[in-house]
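Undergrad: Structure provided below as structure tokens; questions to follow.
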Amino acid sequence: MLREHCTAQEYFREKWETDTHHHRSFHSTAHSYIARHGRGVWDEAYSFSFVRHPLARQVSNFFFLLNNCLENKKRCEGDKNDRMIPIKNISSSSSDKEKIDAFHEWMWNLYQAHPPGSPQHYLFGSKGHGNEEYHTMNATQTSWLVDETGQEIVVKNIFKLENMNEEIARLSQEIPCLAKAGAAIEKNKTPKYPHYSRFADNERTNRIMREVYALDYLNFGYDLT
């Protein structure tokens, strides 16, 4: 979003290395930025984030990853398929029921492999992108927004993806170059899939969602269904 509508003087990107991990600003958590630049710099800067309904995010993740795998199956062969996408059981021509069933099976398999508290639990929600270096990183959206304590959300403004057009207008007051964007915000390429509400009828998946994303439901005011 910033890259498309803001100049190099208005939007700075960087990559850096620690002793064990590779980081880049595009996919860095608040904790990672603080470790890189210091708490003083972070507190003086304007910070914002977009969040979305946890189930909508999880469903979107599944179909985004599935599309990447179907476009090039080598991306998801063997150890590369650490998000456990079931590429052998589903295709772009699968019915809605088959897609929904595949999602619920994926959720169960992913939960068994990376339950809360496990070393790679963050994979339930996303790749680590180097942020797994820090103990604060997990599957939740909240973990992207907290400081080194893992308790305090230190991002100044949190916007909801569901209200994108209205939120962009608010955000443009802080970042004027985004006023040029209007409603023309680039989105990840994802094939059509059923509305996320159709995935809310599976009690096992609902239990997993309530356990894994309890903080997100609480912190961002989303309903559990």
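Residue numbering restarts at 1 in every chain; chains get A, B, ... in the order shown in the structure tokens, and ligands count up from 1 in that same order.
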Under the rule of at most 6 Å, produce a per-residue listing of region 93-203 of chain A near region 19-30 of chain A: chain, number, name, the closest pair of atoms, and the distance in Å, as a tab-separated table, using only C-alpha atoms.

TA:
residue	atom	partner	partner_atom	distance
A:Gly130	CA	A:His23	CA	5.2
A:Trp144	CA	A:Thr29	CA	4.4
A:Leu145	CA	A:Ala30	CA	5.2
A:Val146	CA	A:Ala30	CA	6.0

Undergrad: Can you list every residue of region 19-61 of chain A that has an atom at most 9 Å from region 202-216 of chain A, with its nearest atom pair and the distance in Å to one decimal, using only C-alpha atoms, ordered by chain then number, as CSV?

TA:
residue,atom,partner,partner_atom,distance
A:Val51,CA,A:Asp216,CA,8.9
A:His53,CA,A:Asp216,CA,8.3
A:Pro54,CA,A:Tyr213,CA,6.8
A:Leu55,CA,A:Met209,CA,7.3

Undergrad: Please provide as a list of chain:residue names all residues within 9 Å of Ser49 (chain A), with the sequence filter that same-chain residues fewer than 5 positions apart are discarded (counting only C-alpha atoms).

TA: A:Trp144, A:Leu145, A:Val155, A:Lys156, A:Asn157, A:Ile158, A:Phe159, A:Lys160

Undergrad: Would you mind reading off the distance between CA of Gly150 (chain A) and CA of Thr136 (chain A), one decimal, in Å?

TA: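 Taking CA of Gly150 (chain A) as the start and CA of Thr136 (chain A) as the end point, the length is 5.1 Å.
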
Undergrad: When you count only C-alpha atoms, which of these residues is closest to Ala200 (chain A): A:Ile100, A:Ala45, A:Ile34, A:Leu171?

TA: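 The shortest atom-to-atom distance to Ala200 (chain A) comes from A:Ile100.
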
Undergrad: As a ChimeraX atom specification, please: all residues of region 24-223 of chain A that backbone DSSP puts in alpha helix (DSSP H).

TA: /A:30-37,39-44,54-71,96-113,164-174,203-212,214-220

Undergrad: Hey, can you check how far CA of Leu178 (chain A) sits from CA of Ser47 (chain A)?

TA: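 Taking CA of Leu178 (chain A) as the start and CA of Ser47 (chain A) as the end point, the length is 14.4 Å.
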
Undergrad: Do a neighbour search on Asn68 (chain A) at 12 Å with only C-alpha atoms, toss out local chain neighbours closer than 2 positions, and write the hits as a list of chain:residue names.

TA: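 Non-adjacent residues within range: A:Asn61, A:Phe62, A:Phe63, A:Phe64, A:Leu65, A:Leu66, A:Leu70, A:Glu71, A:Asn72, A:Lys73, A:Lys74, A:Arg75, A:Cys76, A:Glu77, A:Asn81, A:Arg83, A:Ile85, A:Ile87, A:Ser91, A:Ser92, A:Asn188, A:Lys189, A:Thr190, A:Pro191.
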
Undergrad: Residues as selected, N, CA, C and O atoms, written as an mmCIF file, in the first residue's frame, can you do that?

TA:
data_model
loop_
_atom_site.group_PDB
_atom_site.id
_atom_site.type_symbol
_atom_site.label_atom_id
_atom_site.label_comp_id
_atom_site.auth_asym_id
_atom_site.auth_seq_id
_atom_site.Cartn_x
_atom_site.Cartn_y
_atom_site.Cartn_z
ATOM 1 N N ASN A 61 -6.024 -16.791 4.522
ATOM 2 C CA ASN A 61 -4.692 -17.400 4.510
ATOM 3 C C ASN A 61 -4.703 -18.728 3.774
ATOM 4 O O ASN A 61 -3.823 -19.018 2.944
ATOM 5 N N PHE A 62 -5.689 -19.553 4.097
ATOM 6 C CA PHE A 62 -5.770 -20.881 3.499
ATOM 7 C C PHE A 62 -5.856 -20.805 1.984
ATOM 8 O O PHE A 62 -5.106 -21.476 1.267
ATOM 9 N N PHE A 63 -6.741 -19.979 1.476
ATOM 10 C CA PHE A 63 -6.935 -19.935 0.025
ATOM 11 C C PHE A 63 -5.823 -19.175 -0.688
ATOM 12 O O PHE A 63 -5.501 -19.479 -1.844
ATOM 13 N N PHE A 64 -5.199 -18.222 -0.019
ATOM 14 C CA PHE A 64 -4.026 -17.560 -0.593
ATOM 15 C C PHE A 64 -2.880 -18.555 -0.745
ATOM 16 O O PHE A 64 -2.240 -18.648 -1.802
ATOM 17 N N LEU A 65 -2.629 -19.321 0.309
ATOM 18 C CA LEU A 65 -1.560 -20.322 0.266
ATOM 19 C C LEU A 65 -1.881 -21.438 -0.719
ATOM 20 O O LEU A 65 -1.001 -21.903 -1.455
ATOM 21 N N LEU A 66 -3.140 -21.862 -0.737
ATOM 22 C CA LEU A 66 -3.548 -22.909 -1.667
ATOM 23 C C LEU A 66 -3.334 -22.456 -3.105
ATOM 24 O O LEU A 66 -2.815 -23.215 -3.935
ATOM 25 N N LEU A 70 -1.057 -24.261 -5.951
ATOM 26 C CA LEU A 70 -1.627 -24.757 -7.203
ATOM 27 C C LEU A 70 -0.961 -24.113 -8.411
ATOM 28 O O LEU A 70 -0.836 -24.741 -9.471
ATOM 29 N N GLU A 71 -0.519 -22.869 -8.264
ATOM 30 C CA GLU A 71 0.177 -22.199 -9.358
ATOM 31 C C GLU A 71 1.546 -22.814 -9.606
ATOM 32 O O GLU A 71 2.022 -22.869 -10.741
ATOM 33 N N ASN A 72 2.188 -23.260 -8.536
ATOM 34 C CA ASN A 72 3.509 -23.874 -8.656
ATOM 35 C C ASN A 72 3.680 -24.874 -7.515
ATOM 36 O O ASN A 72 4.015 -24.489 -6.400
ATOM 37 N N LYS A 73 3.432 -26.140 -7.800
ATOM 38 C CA LYS A 73 3.421 -27.156 -6.747
ATOM 39 C C LYS A 73 4.789 -27.351 -6.108
ATOM 40 O O LYS A 73 4.888 -27.866 -4.997
ATOM 41 N N LYS A 74 5.851 -26.916 -6.775
ATOM 42 C CA LYS A 74 7.182 -27.032 -6.187
ATOM 43 C C LYS A 74 7.314 -26.171 -4.923
ATOM 44 O O LYS A 74 8.162 -26.440 -4.080
ATOM 45 N N ARG A 75 6.483 -25.123 -4.833
ATOM 46 C CA ARG A 75 6.526 -24.264 -3.651
ATOM 47 C C ARG A 75 6.082 -25.016 -2.403
ATOM 48 O O ARG A 75 6.376 -24.592 -1.282
ATOM 49 N N CYS A 76 5.345 -26.098 -2.601
ATOM 50 C CA CYS A 76 4.723 -26.787 -1.467
ATOM 51 C C CYS A 76 5.116 -28.257 -1.400
ATOM 52 O O CYS A 76 4.364 -29.089 -0.892
ATOM 53 N N GLU A 77 6.283 -28.567 -1.908
ATOM 54 C CA GLU A 77 6.766 -29.948 -1.854
ATOM 55 C C GLU A 77 7.589 -30.168 -0.594
ATOM 56 O O GLU A 77 8.401 -29.331 -0.201
ATOM 57 N N ASN A 81 6.327 -27.172 2.474
ATOM 58 C CA ASN A 81 4.912 -27.074 2.828
ATOM 59 C C ASN A 81 4.733 -27.064 4.348
ATOM 60 O O ASN A 81 3.998 -27.870 4.919
ATOM 61 N N ARG A 83 3.199 -24.991 6.083
ATOM 62 C CA ARG A 83 1.854 -24.584 6.483
ATOM 63 C C ARG A 83 0.830 -25.686 6.187
ATOM 64 O O ARG A 83 -0.361 -25.508 6.393
ATOM 65 N N ILE A 85 -0.568 -27.232 3.537
ATOM 66 C CA ILE A 85 -1.680 -27.070 2.607
ATOM 67 C C ILE A 85 -1.951 -28.403 1.903
ATOM 68 O O ILE A 85 -1.036 -29.016 1.346
ATOM 69 N N ILE A 87 -2.593 -29.979 -0.889
ATOM 70 C CA ILE A 87 -2.676 -29.782 -2.338
ATOM 71 C C ILE A 87 -3.126 -31.034 -3.090
ATOM 72 O O ILE A 87 -3.571 -30.944 -4.231
ATOM 73 N N SER A 91 -8.517 -28.731 -5.563
ATOM 74 C CA SER A 91 -8.062 -28.031 -6.762
ATOM 75 C C SER A 91 -8.930 -26.805 -6.973
ATOM 76 O O SER A 91 -9.918 -26.574 -6.249
ATOM 77 N N SER A 92 -8.582 -26.013 -7.971
ATOM 78 C CA SER A 92 -9.352 -24.802 -8.250
ATOM 79 C C SER A 92 -10.772 -25.119 -8.692
ATOM 80 O O SER A 92 -11.660 -24.266 -8.601
ATOM 81 N N ASN A 188 -3.935 -8.942 -2.192
ATOM 82 C CA ASN A 188 -3.282 -10.170 -2.603
ATOM 83 C C ASN A 188 -4.170 -10.945 -3.576
ATOM 84 O O ASN A 188 -5.394 -10.954 -3.447
ATOM 85 N N LYS A 189 -3.537 -11.578 -4.535
ATOM 86 C CA LYS A 189 -4.289 -12.385 -5.491
ATOM 87 C C LYS A 189 -4.763 -13.670 -4.809
ATOM 88 O O LYS A 189 -3.951 -14.482 -4.384
ATOM 89 N N THR A 190 -6.051 -13.819 -4.692
ATOM 90 C CA THR A 190 -6.636 -15.003 -4.089
ATOM 91 C C THR A 190 -7.846 -15.414 -4.916
ATOM 92 O O THR A 190 -8.656 -14.558 -5.272
ATOM 93 N N PRO A 191 -7.970 -16.695 -5.274
ATOM 94 C CA PRO A 191 -9.141 -17.127 -6.042
ATOM 95 C C PRO A 191 -10.419 -16.975 -5.229
ATOM 96 O O PRO A 191 -10.381 -16.822 -4.014
#

Undergrad: Just the number, please: distance in Å from CA of Lys127 (chain A) to CA of Asp82 (chain A), one decimal.

TA: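 Between these atoms lies a distance of 8.9 Å.
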
Undergrad: Which residue is closest to Pro194 (chain A)? Choose from A:Asp96, A:Glu133, A:Asp223, A:Glu105 and count only C-alpha atoms.

TA: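 Looking only at the distances to Pro194 (chain A), the closest residue turns out to be A:Asp96.
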
Undergrad: Applying 12 Å and only C-alpha atoms, which residues near Met137 (chain A) remain after dropping the ones on its own chain fewer than 3 positions away? List them as a ChimeraX atom specification.

TA: /A:28-32,116-134,140-151

Undergrad: When distances are computed from only C-alpha atoms, which of A:Glu17, A:Glu4, A:Asp43, A:Glu10 shows the smallest separation from Val154 (chain A)?

TA: A:Asp43

Undergrad: So, with only C-alpha atoms as the atoms that count, which of A:Ala56, A:Ala35, A:Ile153, A:Cys6 lies closest to Tyr222 (chain A)?

TA: A:Ala56
